[in-house]
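Asks: As input, take model.cif (mmCIF, C-alpha atoms):
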```cif
data_coords
loop_
_atom_site.group_PDB
_atom_site.id
_atom_site.type_symbol
_atom_site.label_atom_id
_atom_site.label_comp_id
_atom_site.auth_asym_id
_atom_site.auth_seq_id
_atom_site.Cartn_x
_atom_site.Cartn_y
_atom_site.Cartn_z
ATOM 1 C CA MET A 1405 83.094 89.922 129.702
ATOM 2 C CA ALA A 1406 83.376 93.606 130.547
ATOM 3 C CA THR A 1407 80.580 95.178 132.539
ATOM 4 C CA GLY A 1408 77.846 97.674 131.550
ATOM 5 C CA THR A 1409 79.411 101.068 130.811
ATOM 6 C CA ASP A 1410 82.629 99.498 129.542
ATOM 7 C CA GLN A 1411 80.749 97.572 126.884
ATOM 8 C CA VAL A 1412 78.686 100.596 125.860
ATOM 9 C CA VAL A 1413 81.723 102.854 125.590
ATOM 10 C CA GLY A 1414 83.741 100.218 123.733
ATOM 11 C CA LEU A 1415 81.026 99.424 121.214
ATOM 12 C CA GLY A 1416 80.355 103.150 120.801
ATOM 13 C CA LEU A 1417 84.003 103.730 119.900
ATOM 14 C CA VAL A 1418 83.903 100.845 117.404
ATOM 15 C CA ALA A 1419 80.732 102.244 115.822
ATOM 16 C CA ILE A 1420 82.169 105.772 115.567
ATOM 17 C CA SER A 1421 85.395 104.555 113.991
ATOM 18 C CA LEU A 1422 83.475 102.417 111.470
ATOM 19 C CA ILE A 1423 81.189 105.294 110.494
ATOM 20 C CA ILE A 1424 84.094 107.691 110.022
ATOM 21 C CA PHE A 1425 86.069 105.115 108.049
ATOM 22 C CA ILE A 1426 83.200 104.240 105.709
ATOM 23 C CA TYR A 1427 82.233 107.871 105.074
ATOM 24 C CA TYR A 1428 85.836 108.926 104.472
ATOM 25 C CA THR A 1429 86.549 105.955 102.202
ATOM 26 C CA ALA A 1430 83.457 106.732 100.136
ATOM 27 C CA TRP A 1431 84.498 110.399 99.967
ATOM 28 C CA VAL A 1432 88.134 109.932 98.973
ATOM 29 C CA ILE A 1433 88.129 106.680 96.990
ATOM 30 C CA LEU A 1434 84.679 105.968 95.588
ATOM 31 C CA LEU A 1435 83.356 109.432 94.695
ATOM 32 C CA PRO A 1436 85.764 110.253 91.798
ATOM 33 C CA PHE A 1437 84.554 107.167 89.966
ATOM 34 C CA ILE A 1438 80.881 108.095 90.250
ATOM 35 C CA ASP A 1439 79.294 110.215 87.543
ATOM 36 C CA SER A 1440 79.321 113.869 88.617
ATOM 37 C CA GLN A 1441 75.575 114.225 87.953
ATOM 38 C CA HIS A 1442 74.663 111.477 90.441
ATOM 39 C CA VAL A 1443 72.561 112.507 93.467
ATOM 40 C CA ILE A 1444 75.038 111.015 95.973
ATOM 41 C CA HIS A 1445 77.418 113.967 95.513
ATOM 42 C CA LYS A 1446 74.896 116.048 97.448
ATOM 43 C CA TYR A 1447 75.848 114.223 100.659
ATOM 44 C CA PHE A 1448 79.565 115.003 100.441
ATOM 45 C CA LEU A 1449 81.400 118.301 100.879
ATOM 46 C CA PRO A 1450 83.732 119.645 98.164
ATOM 47 C CA ARG A 1451 86.845 117.511 97.820
ATOM 48 C CA ALA A 1452 89.300 120.019 99.296
ATOM 49 C CA TYR A 1453 87.660 119.522 102.693
ATOM 50 C CA ALA A 1454 88.747 115.860 102.626
ATOM 51 C CA VAL A 1455 92.251 117.043 103.511
ATOM 52 C CA THR A 1456 91.609 120.269 105.433
ATOM 53 C CA ILE A 1457 89.138 118.814 107.953
ATOM 54 C CA PRO A 1458 91.410 115.926 109.143
ATOM 55 C CA LEU A 1459 94.333 118.357 109.205
ATOM 56 C CA ALA A 1460 92.402 120.848 111.373
ATOM 57 C CA VAL A 1461 91.198 118.066 113.690
ATOM 58 C CA GLY A 1462 94.760 116.742 114.011
ATOM 59 C CA LEU A 1463 96.077 120.202 114.894
ATOM 60 C CA LEU A 1464 93.299 120.631 117.480
ATOM 61 C CA LEU A 1465 94.237 117.275 119.023
ATOM 62 C CA LEU A 1466 97.881 118.346 119.221
ATOM 63 C CA LEU A 1467 96.741 121.581 120.859
ATOM 64 C CA PHE A 1468 94.767 119.705 123.505
ATOM 65 C CA VAL A 1469 97.625 117.315 124.192
ATOM 66 C CA GLY A 1470 99.999 120.280 124.590
ATOM 67 C CA LEU A 1471 97.583 122.099 126.913
ATOM 68 C CA PHE A 1472 97.152 118.974 129.033
ATOM 69 C CA ILE A 1473 100.913 118.486 129.347
ATOM 70 C CA THR A 1474 101.340 122.174 130.279
ATOM 71 C CA TYR A 1475 98.585 121.898 132.901
ATOM 72 C CA VAL A 1476 100.124 118.783 134.487
ATOM 73 C CA MET A 1477 103.600 120.316 134.522
ATOM 74 C CA LEU A 1478 102.347 123.541 136.137
ATOM 75 C CA LYS A 1479 100.442 121.559 138.751
ATOM 76 C CA ASN A 1480 103.610 119.576 139.573
ATOM 77 C CA GLN A 1481 105.648 122.759 139.851
ATOM 78 C CA ARG A 1482 103.096 124.266 142.231
ATOM 79 C CA VAL A 1483 103.122 121.097 144.384
ATOM 80 C CA THR A 1484 106.930 121.061 144.666
ATOM 81 C CA LYS A 1485 106.965 124.808 145.447
ATOM 82 C CA LYS A 1486 104.433 124.283 148.221
ATOM 83 C CA ALA A 1487 106.493 121.376 149.614
ATOM 84 C CA GLN A 1488 109.555 123.676 149.799
ATOM 85 C CA LYS B 213 103.720 78.756 106.467
ATOM 86 C CA CYS B 214 103.286 80.775 103.252
ATOM 87 C CA ALA B 215 103.031 84.007 105.283
ATOM 88 C CA GLY B 216 106.253 83.151 107.118
ATOM 89 C CA SER B 217 108.202 82.548 103.908
ATOM 90 C CA GLY B 218 106.799 85.763 102.394
ATOM 91 C CA ARG B 219 107.920 87.736 105.439
ATOM 92 C CA ARG B 220 111.330 86.058 105.341
ATOM 93 C CA LEU B 221 111.683 86.940 101.666
ATOM 94 C CA SER B 222 110.725 90.570 102.245
ATOM 95 C CA ARG B 223 113.136 90.777 105.167
ATOM 96 C CA LEU B 224 115.902 89.328 102.957
ATOM 97 C CA CYS B 225 115.152 91.903 100.249
ATOM 98 C CA LEU B 226 115.063 94.707 102.778
ATOM 99 C CA SER B 227 118.346 93.691 104.407
ATOM 100 C CA PHE B 228 119.949 93.360 100.963
ATOM 101 C CA LEU B 229 118.695 96.796 99.946
ATOM 102 C CA SER B 230 119.664 98.315 103.266
ATOM 103 C CA SER B 231 123.175 96.899 103.063
ATOM 104 C CA LEU B 232 123.454 98.294 99.546
ATOM 105 C CA LEU B 233 122.108 101.699 100.491
ATOM 106 C CA SER B 234 123.609 102.206 103.933
ATOM 107 C CA LEU B 235 126.999 100.738 103.043
ATOM 108 C CA SER B 236 127.406 99.283 106.526
ATOM 109 C CA VAL B 237 127.789 95.758 107.822
ATOM 110 C CA VAL B 238 125.373 96.341 110.730
ATOM 111 C CA ALA B 239 121.696 95.519 110.053
ATOM 112 C CA MET B 240 119.265 98.427 109.784
ATOM 113 C CA THR B 241 117.246 99.349 112.893
ATOM 114 C CA LYS B 242 113.448 99.283 112.854
ATOM 115 C CA LEU B 243 113.334 103.091 112.910
ATOM 116 C CA ALA B 244 115.616 103.295 109.905
ATOM 117 C CA GLN B 245 113.460 100.726 108.082
ATOM 118 C CA TRP B 246 110.283 102.670 108.791
ATOM 119 C CA LEU B 247 111.908 105.954 107.709
ATOM 120 C CA TRP B 248 113.176 104.398 104.480
ATOM 121 C CA GLY B 249 109.760 102.922 103.750
ATOM 122 C CA LEU B 250 108.071 106.272 104.414
ATOM 123 C CA ALA B 251 110.631 108.121 102.302
ATOM 124 C CA ILE B 252 110.209 105.749 99.362
ATOM 125 C CA LEU B 253 106.393 105.795 99.511
ATOM 126 C CA GLY B 254 106.360 109.571 99.997
ATOM 127 C CA SER B 255 108.618 110.234 97.044
ATOM 128 C CA THR B 256 106.582 107.858 94.853
ATOM 129 C CA TRP B 257 103.400 109.710 95.804
ATOM 130 C CA ALA B 258 105.001 113.118 95.228
ATOM 131 C CA ALA B 259 106.379 112.046 91.849
ATOM 132 C CA LEU B 260 102.995 110.684 90.748
ATOM 133 C CA THR B 261 100.963 113.698 91.921
ATOM 134 C CA MET B 262 103.271 116.289 90.371
ATOM 135 C CA GLY B 263 103.301 114.328 87.131
ATOM 136 C CA ALA B 264 107.093 114.103 87.259
ATOM 137 C CA LEU B 265 107.077 110.582 85.857
ATOM 138 C CA GLY B 266 105.283 111.706 82.726
ATOM 139 C CA LEU B 267 102.494 109.138 83.057
ATOM 140 C CA GLU B 268 99.091 110.251 81.781
ATOM 141 C CA LEU B 269 96.838 108.922 84.544
ATOM 142 C CA PRO B 270 93.068 109.321 84.026
ATOM 143 C CA SER B 271 91.670 112.296 85.964
ATOM 144 C CA SER B 272 89.663 110.110 88.379
ATOM 145 C CA CYS B 273 92.879 108.298 89.398
ATOM 146 C CA GLN B 274 94.565 111.667 89.942
ATOM 147 C CA GLU B 275 91.570 112.692 92.064
ATOM 148 C CA VAL B 276 92.021 109.581 94.227
ATOM 149 C CA LEU B 277 95.796 109.943 94.417
ATOM 150 C CA TRP B 278 96.401 113.380 95.856
ATOM 151 C CA PRO B 279 94.502 112.993 99.202
ATOM 152 C CA LEU B 280 96.057 109.544 99.738
ATOM 153 C CA PRO B 281 98.428 110.417 102.658
ATOM 154 C CA ALA B 282 95.562 112.075 104.542
ATOM 155 C CA TYR B 283 93.388 109.054 103.807
ATOM 156 C CA LEU B 284 96.008 106.621 105.136
ATOM 157 C CA LEU B 285 96.431 108.706 108.300
ATOM 158 C CA VAL B 286 92.686 108.891 108.921
ATOM 159 C CA SER B 287 92.191 105.172 108.336
ATOM 160 C CA ALA B 288 95.118 104.358 110.661
ATOM 161 C CA GLY B 289 93.501 106.553 113.316
ATOM 162 C CA CYS B 290 90.136 104.854 112.786
ATOM 163 C CA TYR B 291 91.755 101.434 113.083
ATOM 164 C CA ALA B 292 93.476 102.446 116.339
ATOM 165 C CA LEU B 293 90.241 103.860 117.788
ATOM 166 C CA GLY B 294 88.244 100.798 116.764
ATOM 167 C CA THR B 295 90.795 98.376 118.212
ATOM 168 C CA VAL B 296 90.872 100.250 121.524
ATOM 169 C CA GLY B 297 87.066 100.281 121.683
ATOM 170 C CA TYR B 298 86.829 96.595 120.826
ATOM 171 C CA ARG B 299 89.350 95.590 123.482
ATOM 172 C CA VAL B 300 87.595 97.748 126.079
ATOM 173 C CA ALA B 301 84.285 96.062 125.245
ATOM 174 C CA THR B 302 85.655 92.497 125.337
ATOM 175 C CA PHE B 303 87.928 92.894 128.348
ATOM 176 C CA HIS B 304 87.719 89.889 130.686
ATOM 177 C CA ASP B 305 86.645 91.229 134.063
ATOM 178 C CA CYS B 306 87.472 88.979 137.002
ATOM 179 C CA GLU B 307 85.016 90.222 139.648
ATOM 180 C CA ASP B 308 85.896 87.532 142.232
ATOM 181 C CA ALA B 309 89.593 88.327 141.981
ATOM 182 C CA ALA B 310 88.823 92.058 142.272
ATOM 183 C CA ARG B 311 86.772 91.549 145.424
ATOM 184 C CA GLU B 312 89.442 89.288 146.926
ATOM 185 C CA LEU B 313 92.114 91.895 146.149
ATOM 186 C CA GLN B 314 90.092 94.657 147.839
ATOM 187 C CA ASN B 315 89.679 92.448 150.939
ATOM 188 C CA GLN B 316 93.392 91.795 151.058
ATOM 189 C CA ILE B 317 94.061 95.531 150.763
ATOM 190 C CA GLN B 318 91.739 96.228 153.722
ATOM 191 C CA GLU B 319 93.441 93.511 155.785
ATOM 192 C CA ALA B 320 96.877 94.917 154.965
ATOM 193 C CA ARG B 321 95.830 98.469 155.889
ATOM 194 C CA ALA B 322 94.381 97.329 159.219
ATOM 195 C CA ASP B 323 97.482 95.292 159.954
ATOM 196 C CA LEU B 324 99.879 98.122 159.156
ATOM 197 C CA ALA B 325 97.763 100.662 161.081
ATOM 198 C CA ARG B 326 97.943 98.370 164.105
ATOM 199 C CA LYS B 327 101.721 98.226 163.757
ATOM 200 C CA GLY B 328 101.874 102.005 163.877
ATOM 201 C CA LEU B 329 102.147 103.074 160.199
ATOM 202 C CA ARG B 330 100.039 106.175 159.577
ATOM 203 C CA PHE B 331 98.203 106.501 156.279
#
```
Take the structure in this file and express it as structure tokens.
Replies:
Amino acid sequence: MATGTDQVVGLGLVAISLIIFIYYTAWVILLPFIDSQHVIHKYFLPRAYAVTIPLAVGLLLLLFVGLFITYVMLKNQRVTKKAQ
Amino acid sequence: KCAGSGRRLSRLCLSFLSSLLSLSVVAMTKLAQWLWGLAILGSTWAALTMGALGLELPSSCQEVLWPLPAYLLVSAGCYALGTVGYRVATFHDCEDAARELQNQIQEARADLARKGLRF
């Protein structure tokens, strides 16, 4: 079996993904079928955010990936320039 | 055995459809299959959300339908994250083999340094 930190990190990732999945499923799929006067609607944002928040997070992820690639490429360029 | 025959049947249908639609003798590549599947599902979703098919779906079904692509993307991401986490947590560490490998690396370095290779 994997050692200490590996297990903690792995199980943490599993827990996070489960929480996000359950909350998002309840938000998108279950909420429209629940009476609009029910108290559970207090715990969920307005429905439009169900699309805008994942979209914004996805764009942020793309931004970070692009920045990382740029950083690595610049570092490589500097290394080859120094070698010349 | 049932799953195998179901998959075979769906592959037969898909190859039949693809040969009809692509008008070529060569079988469709995986990319082309995925793109076709996405195009068909996407157009079905678009037709249903814009009401182009003229069906009168109840409002709660409409409410569930329009965020569906975002929902599928988020759940696919969650599944990927969860699988990665699970495999990290249940990875089979071989500590003896790791220690033995490190020893062999040290031996090799010492040997090569003796023979004149500079690290």
Asks: Pick out the chain B residues within 12 Å of chain A. Count only C-alpha atoms. Give them as a ChimeraX atom specification.
Replies: /B:270-307
Asks: Expressed in Å to a single decimal, how great is the separation between CA of Tyr1427 (chain A) and CA of Ile1444 (chain A)?
Replies: 12.0 Å
Asks: When you draw a straight line from CA of Gly249 (chain B) to CA of Ala264 (chain B), how long is it in Å?
Replies: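 According to the coordinates, CA of Gly249 (chain B) and CA of Ala264 (chain B) are separated by 20.1 Å.
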Asks: Suppose you want the space between CA of Ala239 (chain B) and CA of Arg223 (chain B); what is it in Å?
Replies: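 Here the two named atoms are 10.9 Å from each other.
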Asks: Quick test: take region 1437-1478 of chain A, keep C-alpha atoms, and write it as a tab-separated table (two decimals), in the first residue's frame.
Replies:
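The file below, part23.tsv, is the result:
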```tsv
chain	number	residue	atom	x	y	z
A	1437	PHE	CA	-37.96	18.81	-9.16
A	1438	ILE	CA	-38.14	20.15	-5.61
A	1439	ASP	CA	-40.90	22.56	-4.67
A	1440	SER	CA	-39.60	26.13	-4.95
A	1441	GLN	CA	-40.76	26.96	-1.40
A	1442	HIS	CA	-38.60	24.22	0.16
A	1443	VAL	CA	-35.84	25.35	2.56
A	1444	ILE	CA	-33.12	23.46	0.66
A	1445	HIS	CA	-33.05	26.13	-2.07
A	1446	LYS	CA	-31.36	28.40	0.46
A	1447	TYR	CA	-28.17	26.33	0.20
A	1448	PHE	CA	-27.81	26.67	-3.58
A	1449	LEU	CA	-26.91	29.71	-5.68
A	1450	PRO	CA	-29.18	30.89	-8.52
A	1451	ARG	CA	-29.22	28.43	-11.39
A	1452	ALA	CA	-27.26	30.56	-13.86
A	1453	TYR	CA	-24.16	30.10	-11.70
A	1454	ALA	CA	-24.31	26.34	-12.38
A	1455	VAL	CA	-22.87	27.06	-15.82
A	1456	THR	CA	-20.85	30.24	-15.26
A	1457	ILE	CA	-18.80	28.97	-12.30
A	1458	PRO	CA	-17.49	25.78	-14.04
A	1459	LEU	CA	-16.87	27.85	-17.18
A	1460	ALA	CA	-14.84	30.44	-15.23
A	1461	VAL	CA	-12.89	27.72	-13.40
A	1462	GLY	CA	-12.16	25.97	-16.71
A	1463	LEU	CA	-10.88	29.20	-18.26
A	1464	LEU	CA	-8.69	29.83	-15.20
A	1465	LEU	CA	-7.25	26.32	-15.52
A	1466	LEU	CA	-6.47	26.95	-19.19
A	1467	LEU	CA	-4.81	30.21	-18.19
A	1468	PHE	CA	-2.59	28.46	-15.65
A	1469	VAL	CA	-1.66	25.72	-18.10
A	1470	GLY	CA	-0.75	28.36	-20.70
A	1471	LEU	CA	1.32	30.34	-18.18
A	1472	PHE	CA	3.16	27.19	-17.11
A	1473	ILE	CA	3.97	26.25	-20.71
A	1474	THR	CA	5.18	29.81	-21.39
A	1475	TYR	CA	7.37	29.74	-18.27
A	1476	VAL	CA	8.95	26.40	-19.21
A	1477	MET	CA	9.57	27.51	-22.79
A	1478	LEU	CA	11.20	30.78	-21.67
```
